[in-house]
>>> print(open('start-v5.tsv').read())   # TSV, C-alpha atoms
chain	number	residue	atom	x	y	z
Q	1	MET	CA	-65.44	-29.51	26.49
Q	2	LEU	CA	-68.33	-28.64	24.17
Q	3	LEU	CA	-69.13	-31.09	21.38
Q	4	ASN	CA	-71.96	-31.73	18.95
Q	5	ALA	CA	-74.29	-34.68	19.24
Q	6	SER	CA	-73.70	-37.21	16.47
Q	7	GLY	CA	-75.84	-36.55	13.40
Q	8	CYS	CA	-76.71	-32.96	14.27
Q	9	LEU	CA	-73.94	-31.23	12.34
Q	10	ASP	CA	-72.27	-31.75	8.96
Q	11	ALA	CA	-68.82	-30.32	9.58
Q	12	LEU	CA	-67.84	-30.33	5.91
Q	13	THR	CA	-70.92	-28.28	5.00
Q	14	ALA	CA	-70.56	-25.94	7.99
Q	15	PRO	CA	-66.85	-25.98	8.92
Q	16	ASP	CA	-66.97	-22.72	10.85
Q	17	VAL	CA	-69.69	-24.13	13.11
Q	18	ALA	CA	-67.57	-27.22	13.76
Q	19	ARG	CA	-64.53	-25.07	14.57
Q	20	GLY	CA	-66.57	-23.36	17.28
Q	21	LEU	CA	-66.65	-26.66	19.17
Q	22	ASP	CA	-63.92	-28.33	21.21
Q	23	ALA	CA	-64.39	-31.59	19.28
Q	24	PHE	CA	-66.53	-32.73	16.36
Q	25	VAL	CA	-68.52	-35.98	16.48
Q	26	THR	CA	-69.30	-37.56	13.12
Q	27	LYS	CA	-72.55	-39.05	11.97
Q	28	THR	CA	-72.60	-42.78	12.71
Q	29	VAL	CA	-70.50	-44.85	10.30
Q	30	THR	CA	-71.39	-48.47	9.50
Q	31	PRO	CA	-69.40	-51.16	7.66
Q	32	GLN	CA	-71.50	-50.88	4.49
Q	33	PRO	CA	-73.23	-47.85	2.93
Q	34	ARG	CA	-76.79	-47.33	4.12
Q	35	ASP	CA	-79.57	-45.40	2.40
Q	36	GLY	CA	-81.40	-45.06	5.69
Q	37	ASN	CA	-85.13	-45.02	6.33
Q	38	ALA	CA	-87.86	-43.94	3.96
Q	39	PRO	CA	-88.96	-40.28	4.16
Q	40	VAL	CA	-90.34	-38.39	5.96
Q	41	ARG	CA	-87.30	-38.57	8.26
Q	42	VAL	CA	-87.60	-35.44	10.42
Q	43	ALA	CA	-90.62	-33.82	12.09
Q	44	GLU	CA	-91.07	-31.01	14.58
Q	45	THR	CA	-93.18	-31.45	17.71
Q	46	ASP	CA	-94.28	-29.07	20.45
Q	47	VAL	CA	-91.51	-30.33	22.74
Q	48	GLY	CA	-88.66	-31.11	20.37
Q	49	MET	CA	-87.81	-32.90	17.17
Q	50	LEU	CA	-88.40	-36.43	15.93
Q	51	ASN	CA	-85.95	-38.06	13.54
Q	52	SER	CA	-85.77	-41.43	11.89
Q	53	ILE	CA	-82.71	-41.24	9.66
Q	54	GLY	CA	-81.85	-44.92	9.97
Q	55	LEU	CA	-78.05	-44.49	10.02
Q	56	ALA	CA	-77.78	-43.25	6.44
Q	57	ASN	CA	-74.06	-43.01	5.69
Q	58	PRO	CA	-71.51	-43.81	2.93
Q	59	GLY	CA	-69.92	-46.73	4.78
Q	60	ILE	CA	-66.46	-47.05	6.26
Q	61	ASP	CA	-64.55	-47.28	2.96
Q	62	LEU	CA	-65.74	-43.93	1.61
Q	63	PHE	CA	-65.55	-42.40	5.07
Q	64	LEU	CA	-61.86	-43.24	5.29
Q	65	SER	CA	-61.00	-42.23	1.74
Q	66	ARG	CA	-63.07	-39.05	1.46
Q	67	SER	CA	-64.57	-37.77	4.69
Q	68	LEU	CA	-61.88	-38.32	7.29
Q	69	PRO	CA	-59.04	-36.56	5.40
Q	70	ALA	CA	-61.26	-33.49	5.03
Q	71	LEU	CA	-62.37	-33.62	8.66
Q	72	GLY	CA	-58.75	-33.85	9.76
Q	73	LYS	CA	-58.15	-30.41	8.26
Q	74	LEU	CA	-60.77	-28.71	10.43
Q	75	GLY	CA	-58.35	-28.16	13.28
Q	76	VAL	CA	-60.54	-29.74	15.97
Q	77	PRO	CA	-60.36	-33.28	17.39
Q	78	VAL	CA	-62.58	-35.74	15.52
Q	79	TRP	CA	-64.65	-38.36	17.32
Q	80	VAL	CA	-66.05	-41.04	15.03
Q	81	SER	CA	-69.45	-42.48	15.85
Q	82	VAL	CA	-69.57	-46.19	15.00
Q	83	GLY	CA	-72.58	-48.42	14.46
Q	84	GLY	CA	-73.30	-51.97	13.39
Q	85	PHE	CA	-75.63	-54.93	13.66
Q	86	THR	CA	-73.26	-57.32	15.42
Q	87	ALA	CA	-70.40	-56.86	17.85
Q	88	ASP	CA	-67.99	-57.99	15.14
Q	89	GLU	CA	-69.15	-55.17	12.85
Q	90	TYR	CA	-68.35	-52.63	15.55
Q	91	ALA	CA	-64.94	-54.24	16.00
Q	92	GLU	CA	-64.28	-54.20	12.26
Q	93	ILE	CA	-64.73	-50.43	12.05
Q	94	CYS	CA	-62.77	-49.81	15.25
Q	95	SER	CA	-59.88	-51.83	13.85
Q	96	ARG	CA	-59.86	-49.80	10.66
Q	97	LEU	CA	-59.88	-46.55	12.62
Q	98	ASP	CA	-57.14	-47.64	15.01
Q	99	ASP	CA	-54.18	-46.33	13.00
Q	100	GLU	CA	-55.90	-43.15	11.81
Q	101	ALA	CA	-54.12	-40.19	13.40
Q	102	ASP	CA	-57.08	-37.90	12.70
Q	103	VAL	CA	-59.36	-39.95	14.97
Q	104	ALA	CA	-59.21	-38.70	18.55
Q	105	ALA	CA	-61.86	-41.05	19.95
Q	106	ILE	CA	-64.55	-43.54	18.96
Q	107	GLU	CA	-68.15	-43.31	20.12
Q	108	LEU	CA	-69.95	-46.66	20.06
Q	109	ASN	CA	-73.54	-46.01	19.07
Q	110	VAL	CA	-75.10	-48.93	20.90
Q	111	SER	CA	-78.46	-47.23	21.31
Q	112	CYS	CA	-79.83	-45.98	18.01
Q	113	PRO	CA	-83.64	-46.19	18.27
Q	114	ASN	CA	-84.26	-46.26	14.50
Q	115	VAL	CA	-82.77	-49.62	13.50
Q	116	GLU	CA	-83.49	-53.16	14.59
Q	117	SER	CA	-80.07	-54.00	15.97
Q	118	ALA	CA	-78.85	-57.59	16.27
Q	119	ALA	CA	-76.02	-56.58	18.61
Q	120	GLN	CA	-75.63	-58.93	21.58
Q	121	GLY	CA	-75.65	-56.25	24.22
Q	122	THR	CA	-73.62	-53.29	25.34
Q	123	ALA	CA	-71.01	-55.29	27.20
Q	124	GLN	CA	-70.26	-57.56	24.26
Q	125	ILE	CA	-70.01	-54.66	21.83
Q	126	VAL	CA	-67.67	-52.71	24.09
Q	127	ALA	CA	-65.51	-55.73	24.92
Q	128	THR	CA	-65.17	-56.73	21.27
Q	129	ALA	CA	-64.40	-53.17	20.20
Q	130	ARG	CA	-61.88	-52.81	23.03
Q	131	LEU	CA	-59.86	-55.68	21.58
Q	132	ALA	CA	-59.87	-54.01	18.16
Q	133	THR	CA	-58.56	-50.53	19.00
Q	134	ARG	CA	-56.30	-48.52	21.25
Q	135	LYS	CA	-58.44	-45.42	20.75
Q	136	GLN	CA	-60.59	-44.01	23.53
Q	137	LEU	CA	-63.99	-45.71	23.51
Q	138	TRP	CA	-67.12	-43.85	24.58
Q	139	ALA	CA	-70.31	-45.90	24.87
Q	140	LYS	CA	-73.43	-43.99	23.86
Q	141	LEU	CA	-76.35	-45.35	25.86
Q	142	SER	CA	-80.11	-45.22	25.48
Q	143	PRO	CA	-82.32	-43.95	28.31
Q	144	ALA	CA	-85.02	-46.44	27.24
Q	145	VAL	CA	-83.86	-49.21	29.57
Q	146	PRO	CA	-85.10	-50.23	33.02
Q	147	ASP	CA	-81.75	-49.45	34.69
Q	148	ILE	CA	-79.27	-47.34	32.75
Q	149	ALA	CA	-76.79	-47.47	35.63
Q	150	GLU	CA	-76.59	-51.25	35.19
Q	151	VAL	CA	-75.82	-50.77	31.49
Q	152	ALA	CA	-73.17	-48.18	32.36
Q	153	ARG	CA	-71.50	-50.56	34.78
Q	154	ALA	CA	-71.46	-53.25	32.09
Q	155	ALA	CA	-69.85	-50.86	29.62
Q	156	HIS	CA	-67.27	-49.83	32.22
Q	157	ALA	CA	-66.39	-53.42	33.07
Q	158	ALA	CA	-66.04	-54.25	29.36
Q	159	GLY	CA	-63.48	-51.52	28.80
Q	160	ALA	CA	-65.28	-48.28	27.97
Q	161	ASP	CA	-63.26	-45.13	28.68
Q	162	GLY	CA	-66.32	-42.92	28.97
Q	163	LEU	CA	-70.08	-42.65	28.48
Q	164	SER	CA	-72.18	-40.51	26.12
Q	165	LEU	CA	-75.57	-39.87	27.70
Q	166	VAL	CA	-78.07	-40.02	26.17
Q	167	ASN	CA	-79.36	-40.95	22.74
Q	168	THR	CA	-82.89	-40.04	21.71
Q	169	ILE	CA	-85.95	-41.80	23.07
Q	170	ARG	CA	-88.74	-43.20	20.91
Q	171	GLY	CA	-91.62	-40.90	20.05
Q	172	LEU	CA	-94.52	-40.61	17.63
Q	173	ALA	CA	-96.16	-37.67	15.89
Q	174	LEU	CA	-99.41	-37.81	13.91
Q	175	ASP	CA	-100.43	-35.76	10.91
Q	176	ASP	CA	-103.08	-33.13	11.72
Q	177	ARG	CA	-105.27	-34.09	8.75
Q	178	THR	CA	-104.84	-37.82	8.26
Q	179	LEU	CA	-103.97	-38.78	11.84
Q	180	GLU	CA	-101.32	-41.08	10.38
Q	181	PRO	CA	-97.68	-41.07	11.52
Q	182	VAL	CA	-95.74	-38.11	10.15
Q	183	LEU	CA	-92.47	-40.03	9.86
Q	184	GLY	CA	-92.10	-42.63	7.15
Q	185	PRO	CA	-91.09	-45.42	9.53
Q	186	GLY	CA	-93.73	-44.37	12.08
Q	187	VAL	CA	-91.80	-43.80	15.29
Q	188	GLY	CA	-88.55	-41.89	15.61
Q	189	GLY	CA	-86.08	-40.57	18.12
Q	190	LEU	CA	-87.21	-37.60	20.19
Q	191	SER	CA	-84.61	-34.93	20.92
Q	192	GLY	CA	-84.82	-31.37	22.19
Q	193	PRO	CA	-86.09	-29.80	25.42
Q	194	ALA	CA	-88.29	-32.73	26.49
Q	195	LEU	CA	-85.25	-34.99	26.64
Q	196	LYS	CA	-83.29	-32.89	29.14
Q	197	PRO	CA	-84.80	-34.17	32.44
Q	198	ILE	CA	-84.43	-37.75	31.22
Q	199	ALA	CA	-80.83	-37.16	30.21
Q	200	LEU	CA	-79.99	-35.41	33.48
Q	201	ALA	CA	-81.35	-38.36	35.43
Q	202	ALA	CA	-79.22	-40.73	33.34
Q	203	VAL	CA	-76.07	-38.69	33.88
Q	204	HIS	CA	-76.78	-38.46	37.61
Q	205	ALA	CA	-77.30	-42.23	37.92
Q	206	CYS	CA	-74.33	-43.25	35.77
Q	207	TYR	CA	-71.94	-40.90	37.56
Q	208	LEU	CA	-72.84	-42.58	40.83
Q	209	ALA	CA	-72.57	-46.02	39.25
Q	210	THR	CA	-69.19	-45.68	37.54
Q	211	GLU	CA	-67.59	-42.23	37.90
Q	212	LEU	CA	-66.51	-42.65	34.28
Q	213	PRO	CA	-66.08	-39.43	32.29
Q	214	ILE	CA	-69.45	-38.51	30.82
Q	215	VAL	CA	-70.55	-36.47	27.82
Q	216	GLY	CA	-74.01	-35.23	28.75
Q	217	MET	CA	-76.52	-34.38	26.03
Q	218	GLY	CA	-80.23	-34.02	25.52
Q	219	GLY	CA	-82.10	-30.73	25.24
Q	220	VAL	CA	-79.04	-28.52	25.73
Q	221	GLN	CA	-79.93	-25.03	24.52
Q	222	THR	CA	-78.39	-22.60	27.01
Q	223	GLY	CA	-75.46	-22.05	29.30
Q	224	ARG	CA	-77.66	-23.04	32.23
Q	225	ASP	CA	-78.30	-26.37	30.54
Q	226	VAL	CA	-74.56	-26.99	30.33
Q	227	LEU	CA	-74.17	-26.10	34.00
Q	228	ASP	CA	-76.95	-28.52	34.95
Q	229	PHE	CA	-75.31	-31.43	33.13
Q	230	VAL	CA	-71.95	-30.71	34.72
Q	231	ALA	CA	-73.59	-30.49	38.15
Q	232	ALA	CA	-75.23	-33.87	37.51
Q	233	GLY	CA	-71.82	-35.41	36.83
Q	234	ALA	CA	-70.91	-34.78	33.20
Q	235	GLN	CA	-67.40	-33.58	32.37
Q	236	HIS	CA	-68.30	-32.65	28.80
Q	237	VAL	CA	-71.54	-31.53	27.14
Q	238	ALA	CA	-72.86	-31.95	23.60
Q	239	ILE	CA	-75.36	-29.79	21.76
Q	240	GLY	CA	-77.66	-31.24	19.13
Q	241	THR	CA	-81.13	-30.15	18.08
Q	242	VAL	CA	-80.41	-26.51	18.89
Q	243	LEU	CA	-77.89	-26.41	16.03
Q	244	PHE	CA	-80.68	-26.78	13.47
Q	245	ALA	CA	-82.27	-23.52	14.60
Q	246	ASP	CA	-79.15	-21.74	15.83
Q	247	PRO	CA	-75.93	-22.85	14.10
Q	248	GLU	CA	-73.94	-20.34	16.14
Q	249	ALA	CA	-75.27	-21.69	19.43
Q	250	SER	CA	-71.87	-22.71	20.78
Q	251	ALA	CA	-70.62	-19.12	21.14
Q	252	ARG	CA	-73.86	-17.99	22.76
Q	253	ILE	CA	-73.89	-20.95	25.14
Q	254	ARG	CA	-70.30	-20.31	26.21
Q	255	ALA	CA	-71.11	-16.68	26.99
Q	256	GLU	CA	-74.23	-17.66	28.93
Q	257	LEU	CA	-72.27	-20.26	30.85
Q	258	ALA	CA	-69.71	-17.66	31.89
Q	259	ASP	CA	-72.56	-15.51	33.21
Q	260	GLU	CA	-74.05	-18.45	35.10
Q	261	LEU	CA	-70.73	-19.19	36.80
Q	262	GLU	CA	-70.17	-15.55	37.72
Q	263	ALA	CA	-73.66	-15.27	39.18
Q	264	ARG	CA	-72.88	-18.18	41.50
Q	265	GLY	CA	-69.41	-17.00	42.45
Q	266	LEU	CA	-67.76	-19.96	40.70
Q	267	ARG	CA	-64.33	-19.38	39.17
Q	268	GLU	CA	-64.25	-22.48	36.97
Q	269	LEU	CA	-66.80	-24.87	35.54
Q	270	THR	CA	-65.03	-27.68	37.39
Q	271	ASP	CA	-66.14	-26.02	40.65
Q	272	ALA	CA	-69.69	-27.07	39.76
Q	273	HIS	CA	-68.83	-30.64	38.77
Q	274	ALA	CA	-71.08	-33.19	40.49
Q	275	ALA	CA	-72.60	-30.47	42.68
Q	276	ALA	CA	-75.92	-32.31	42.49
Q	277	HIS	CA	-74.36	-35.17	44.46
Q	278	ARG	CA	-73.01	-33.16	47.40
Q	279	THR	CA	-76.18	-33.31	49.46
Q	280	LEU	CA	-76.85	-37.02	48.95
Q	281	SER	CA	-76.99	-39.11	52.09
Q	282	PRO	CA	-74.18	-41.70	52.39
Q	283	ALA	CA	-76.72	-44.52	51.96
Q	284	LEU	CA	-78.14	-43.06	48.75
Q	285	ALA	CA	-74.71	-42.31	47.33
Q	286	THR	CA	-73.68	-45.91	47.98
>>> encode(input="start-v5.tsv", output="structure tokens")
Amino acid sequence: MLLNASGCLDALTAPDVARGLDAFVTKTVTPQPRDGNAPVRVAETDVGMLNSIGLANPGIDLFLSRSLPALGKLGVPVWVSVGGFTADEYAEICSRLDDEADVAAIELNVSCPNVESAAQGTAQIVATARLATRKQLWAKLSPAVPDIAEVARAAHAAGADGLSLVNTIRGLALDDRTLEPVLGPGVGGLSGPALKPIALAAVHACYLATELPIVGMGGVQTGRDVLDFVAAGAQHVAIGTVLFADPEASARIRAELADELEARGLRELTDAHAAAHRTLSPALAT
């Protein structure tokens, strides 16, 4: 399944782009409206893109009354990304989404690098959200931790149905003339090609740790990138930064992926699933 990374596509502005995906993931929704961080919020770098949006969104009330009914008409499953500053705030939104037929799954954004979160940890957020909804819960994790596999195990034990790997990692860009930070808040989340090896390592480690379904993301630009994430252990793949430069990337990536499979004599993408783990020694796999 090919999805978009949360925040990288406005489906109501570009509905045809959203319909080219197998599911659409919303921008993160919080209990109250948020204006987000001060500009500048987005900056290009040599190896990707920095963003510091700060979870700007209309809040759950307007999302439910205006956005979700329109998204439900797109004809693709809708995953709602959820954020908050306490576990109870995550649970509040999950509870309000629970009876919404247009919501196929909930992605818990427990890893946004651009807010100072007061959440009490991944396990508590997942466990509290699990009590609030019957929807599928996918925990979106940050790679900026000493042991992401440990975090994945905690999310699994708390009731997560799957993992989204990974969110952006903190980065800084300086202005050529002033040598001051380009982004208003200073640092931001780095996405794009530089994130791919980090994300692949996270997928590889978390597959071994939990064998939960994984949405892999981070620097996906080509069909080969999709194949790599699936080989590392992902069942689904999300595209993000590439959509800013190439809104029609999903069709191109699907075609390239078909060529990659044919070149390797693989009939289905599932034939490549977890291929990166096949040569591991028993001790390492354990």
>>> atom_distance(input="start-v5.tsv", atom1="CA of Asn109 (chain Q)", atom2="CA of Asn167 (chain Q)")
8.5 Å
>>> residues_around(input="start-v5.tsv", residues="Leu261 (chain Q)", least_positions_apart="4", cutoff="12 Å", atoms="all atoms listed in the file", output="PyMOL selection string")
chain Q and resi 223-224+226-228+230-231+254-257+265-273
>>> residues_around(input="start-v5.tsv", residues="region 175-192 of chain Q", least_positions_apart="5", cutoff="8 Å", atoms="all atoms listed in the file", output="list in words")
Asn37, Ala38, Pro39, Val40, Arg41, Val42, Ala43, Val47, Gly48, Met49, Leu50, Asn51, Ser52, Pro113, Asn114, Thr168, Ile169, Arg170, Gly218, Gly219, Val220, Gly240, Thr241 and Val242 of chain Q
>>> atom_distance(input="start-v5.tsv", atom1="CA of Gly84 (chain Q)", atom2="CA of Val203 (chain Q)")
24.6 Å
>>> axis_aligned_box(input="start-v5.tsv", around="region 126-137 of chain Q", padding_each_side="3 Å", output="JSON")
{"center_x": -62.0, "center_y": -50.4, "center_z": 21.5, "size_x": 17.4, "size_y": 18.7, "size_z": 12.8}
>>> atom_distance(input="start-v5.tsv", atom1="CA of Leu55 (chain Q)", atom2="CA of Tyr207 (chain Q)")
28.4 Å
>>> closest_residue(input="start-v5.tsv", among="Q:Thr222, Q:Gly159, Q:Ala132, Q:Val151", to="Asp259 (chain Q)", atoms="all atoms listed in the file")
Q:Thr222
>>> residues_around(input="start-v5.tsv", residues="region 91-105 of chain Q", least_positions_apart="4", cutoff="9 Å", atoms="only C-alpha atoms", output="number ranges by chain")
Q: 23, 29-31, 60, 64, 68-69, 71-73, 77-84, 86-87, 125-126, 128-138
>>> closest_residue(input="start-v5.tsv", among="Q:Val76, Q:Ala157, Q:Leu165, Q:Ala18", to="Val110 (chain Q)", atoms="all atoms listed in the file")
Q:Leu165
>>> closest_residue(input="start-v5.tsv", among="Q:Ala70, Q:Gln124, Q:Gly20, Q:Leu62", to="Tyr90 (chain Q)", atoms="all atoms listed in the file")
Q:Gln124
>>> closest_residue(input="start-v5.tsv", among="Q:Val166, Q:Ile239, Q:Ala152, Q:Leu21", to="Glu211 (chain Q)", atoms="only C-alpha atoms")
Q:Ala152
>>> residues_near_point(input="start-v5.tsv", point="(-71.7, -41.7, 0.5)", cutoff="12 Å", atoms="all atoms listed in the file", output="short mmCIF file (atom, residue, chain, number, x, y, z; two decimals) with C-alpha atoms, in the frame of the given file")
data_model
loop_
_atom_site.label_atom_id
_atom_site.label_comp_id
_atom_site.auth_asym_id
_atom_site.auth_seq_id
_atom_site.Cartn_x
_atom_site.Cartn_y
_atom_site.Cartn_z
CA LYS Q 27 -72.55 -39.05 11.97
CA VAL Q 29 -70.50 -44.85 10.30
CA THR Q 30 -71.39 -48.47 9.50
CA GLN Q 32 -71.50 -50.88 4.49
CA PRO Q 33 -73.23 -47.85 2.93
CA ARG Q 34 -76.79 -47.33 4.12
CA ASP Q 35 -79.57 -45.40 2.40
CA GLY Q 36 -81.40 -45.06 5.69
CA LEU Q 55 -78.05 -44.49 10.02
CA ALA Q 56 -77.78 -43.25 6.44
CA ASN Q 57 -74.06 -43.01 5.69
CA PRO Q 58 -71.51 -43.81 2.93
CA GLY Q 59 -69.92 -46.73 4.78
CA ILE Q 60 -66.46 -47.05 6.26
CA ASP Q 61 -64.55 -47.28 2.96
CA LEU Q 62 -65.74 -43.93 1.61
CA PHE Q 63 -65.55 -42.40 5.07
CA LEU Q 64 -61.86 -43.24 5.29
CA SER Q 65 -61.00 -42.23 1.74
CA ARG Q 66 -63.07 -39.05 1.46
CA SER Q 67 -64.57 -37.77 4.69
#
>>> residues_near_point(input="start-v5.tsv", point="(-79.5, -48.2, 36.7)", cutoff="12 Å", atoms="all atoms listed in the file", output="list in words")
Leu141, Ser142, Pro143, Ala144, Val145, Pro146, Asp147, Ile148, Ala149, Glu150, Val151, Ala152, Arg153, Ala154, Ala201, Ala202, Val203, His204, Ala205, Cys206, Tyr207, Leu208, Ala209 and Thr210 of chain Q
>>> closest_residue(input="start-v5.tsv", among="Q:Thr28, Q:Ser250, Q:Thr13, Q:Ser164", to="Leu212 (chain Q)", atoms="all atoms listed in the file")
Q:Ser164
>>> build_atoms(input="start-v5.tsv", residues="region 16-25 of chain Q", atoms="all heavy atoms", output="PDB file, in the coordinates of the input")
ATOM      1  N   ASP Q  16     -67.148 -23.743   9.819  1.00  0.00           N
ATOM      2  CA  ASP Q  16     -66.970 -22.720  10.850  1.00  0.00           C
ATOM      3  C   ASP Q  16     -67.754 -23.063  12.116  1.00  0.00           C
ATOM      4  O   ASP Q  16     -67.314 -22.752  13.232  1.00  0.00           O
ATOM      5  CB  ASP Q  16     -67.411 -21.351  10.321  1.00  0.00           C
ATOM      6  CG  ASP Q  16     -66.453 -20.800   9.270  1.00  0.00           C
ATOM      7  OD1 ASP Q  16     -65.301 -21.270   9.228  1.00  0.00           O
ATOM      8  OD2 ASP Q  16     -66.861 -19.924   8.492  1.00  0.00           O
ATOM      9  N   VAL Q  17     -68.914 -23.701  11.950  1.00  0.00           N
ATOM     10  CA  VAL Q  17     -69.690 -24.130  13.110  1.00  0.00           C
ATOM     11  C   VAL Q  17     -68.926 -25.207  13.860  1.00  0.00           C
ATOM     12  O   VAL Q  17     -68.828 -25.183  15.092  1.00  0.00           O
ATOM     13  CB  VAL Q  17     -71.076 -24.652  12.675  1.00  0.00           C
ATOM     14  CG1 VAL Q  17     -71.845 -25.191  13.884  1.00  0.00           C
ATOM     15  CG2 VAL Q  17     -71.870 -23.553  11.985  1.00  0.00           C
ATOM     16  N   ALA Q  18     -68.346 -26.144  13.122  1.00  0.00           N
ATOM     17  CA  ALA Q  18     -67.570 -27.220  13.760  1.00  0.00           C
ATOM     18  C   ALA Q  18     -66.357 -26.661  14.495  1.00  0.00           C
ATOM     19  O   ALA Q  18     -66.009 -27.133  15.582  1.00  0.00           O
ATOM     20  CB  ALA Q  18     -67.130 -28.227  12.709  1.00  0.00           C
ATOM     21  N   ARG Q  19     -65.719 -25.656  13.928  1.00  0.00           N
ATOM     22  CA  ARG Q  19     -64.530 -25.070  14.570  1.00  0.00           C
ATOM     23  C   ARG Q  19     -64.883 -24.321  15.849  1.00  0.00           C
ATOM     24  O   ARG Q  19     -64.000 -24.030  16.659  1.00  0.00           O
ATOM     25  CB  ARG Q  19     -63.813 -24.146  13.588  1.00  0.00           C
ATOM     26  CG  ARG Q  19     -63.174 -24.875  12.413  1.00  0.00           C
ATOM     27  CD  ARG Q  19     -62.312 -23.948  11.580  1.00  0.00           C
ATOM     28  NE  ARG Q  19     -61.804 -24.618  10.392  1.00  0.00           N
ATOM     29  CZ  ARG Q  19     -62.291 -24.447   9.153  1.00  0.00           C
ATOM     30  NH1 ARG Q  19     -63.297 -23.586   8.961  1.00  0.00           N
ATOM     31  NH2 ARG Q  19     -61.784 -25.100   8.146  1.00  0.00           N
ATOM     32  N   GLY Q  20     -66.146 -24.007  16.040  1.00  0.00           N
ATOM     33  CA  GLY Q  20     -66.570 -23.360  17.280  1.00  0.00           C
ATOM     34  C   GLY Q  20     -66.727 -24.332  18.436  1.00  0.00           C
ATOM     35  O   GLY Q  20     -67.005 -23.918  19.557  1.00  0.00           O
ATOM     36  N   LEU Q  21     -66.547 -25.637  18.144  1.00  0.00           N
ATOM     37  CA  LEU Q  21     -66.650 -26.660  19.170  1.00  0.00           C
ATOM     38  C   LEU Q  21     -65.263 -27.098  19.612  1.00  0.00           C
ATOM     39  O   LEU Q  21     -64.265 -26.812  18.958  1.00  0.00           O
ATOM     40  CB  LEU Q  21     -67.420 -27.868  18.619  1.00  0.00           C
ATOM     41  CG  LEU Q  21     -68.839 -27.588  18.120  1.00  0.00           C
ATOM     42  CD1 LEU Q  21     -69.362 -28.791  17.335  1.00  0.00           C
ATOM     43  CD2 LEU Q  21     -69.772 -27.271  19.285  1.00  0.00           C
ATOM     44  N   ASP Q  22     -65.196 -27.814  20.722  1.00  0.00           N
ATOM     45  CA  ASP Q  22     -63.920 -28.330  21.210  1.00  0.00           C
ATOM     46  C   ASP Q  22     -63.587 -29.682  20.596  1.00  0.00           C
ATOM     47  O   ASP Q  22     -62.439 -30.132  20.645  1.00  0.00           O
ATOM     48  CB  ASP Q  22     -63.954 -28.453  22.736  1.00  0.00           C
ATOM     49  CG  ASP Q  22     -64.142 -27.098  23.391  1.00  0.00           C
ATOM     50  OD1 ASP Q  22     -63.364 -26.174  23.089  1.00  0.00           O
ATOM     51  OD2 ASP Q  22     -65.078 -26.949  24.200  1.00  0.00           O
ATOM     52  N   ALA Q  23     -64.585 -30.343  20.028  1.00  0.00           N
ATOM     53  CA  ALA Q  23     -64.390 -31.590  19.280  1.00  0.00           C
ATOM     54  C   ALA Q  23     -65.626 -31.783  18.408  1.00  0.00           C
ATOM     55  O   ALA Q  23     -66.726 -31.339  18.754  1.00  0.00           O
ATOM     56  CB  ALA Q  23     -64.201 -32.780  20.210  1.00  0.00           C
ATOM     57  N   PHE Q  24     -65.416 -32.455  17.278  1.00  0.00           N
ATOM     58  CA  PHE Q  24     -66.530 -32.730  16.360  1.00  0.00           C
ATOM     59  C   PHE Q  24     -66.809 -34.227  16.364  1.00  0.00           C
ATOM     60  O   PHE Q  24     -65.900 -35.043  16.219  1.00  0.00           O
ATOM     61  CB  PHE Q  24     -66.206 -32.273  14.946  1.00  0.00           C
ATOM     62  CG  PHE Q  24     -67.187 -32.780  13.928  1.00  0.00           C
ATOM     63  CD1 PHE Q  24     -68.460 -32.249  13.860  1.00  0.00           C
ATOM     64  CD2 PHE Q  24     -66.846 -33.815  13.054  1.00  0.00           C
ATOM     65  CE1 PHE Q  24     -69.390 -32.740  12.949  1.00  0.00           C
ATOM     66  CE2 PHE Q  24     -67.757 -34.302  12.141  1.00  0.00           C
ATOM     67  CZ  PHE Q  24     -69.038 -33.760  12.078  1.00  0.00           C
ATOM     68  N   VAL Q  25     -68.094 -34.584  16.512  1.00  0.00           N
ATOM     69  CA  VAL Q  25     -68.520 -35.980  16.480  1.00  0.00           C
ATOM     70  C   VAL Q  25     -69.217 -36.251  15.158  1.00  0.00           C
ATOM     71  O   VAL Q  25     -70.167 -35.552  14.791  1.00  0.00           O
ATOM     72  CB  VAL Q  25     -69.471 -36.299  17.651  1.00  0.00           C
ATOM     73  CG1 VAL Q  25     -69.819 -37.785  17.659  1.00  0.00           C
ATOM     74  CG2 VAL Q  25     -68.869 -35.872  18.974  1.00  0.00           C
TER      75      VAL Q  25
END
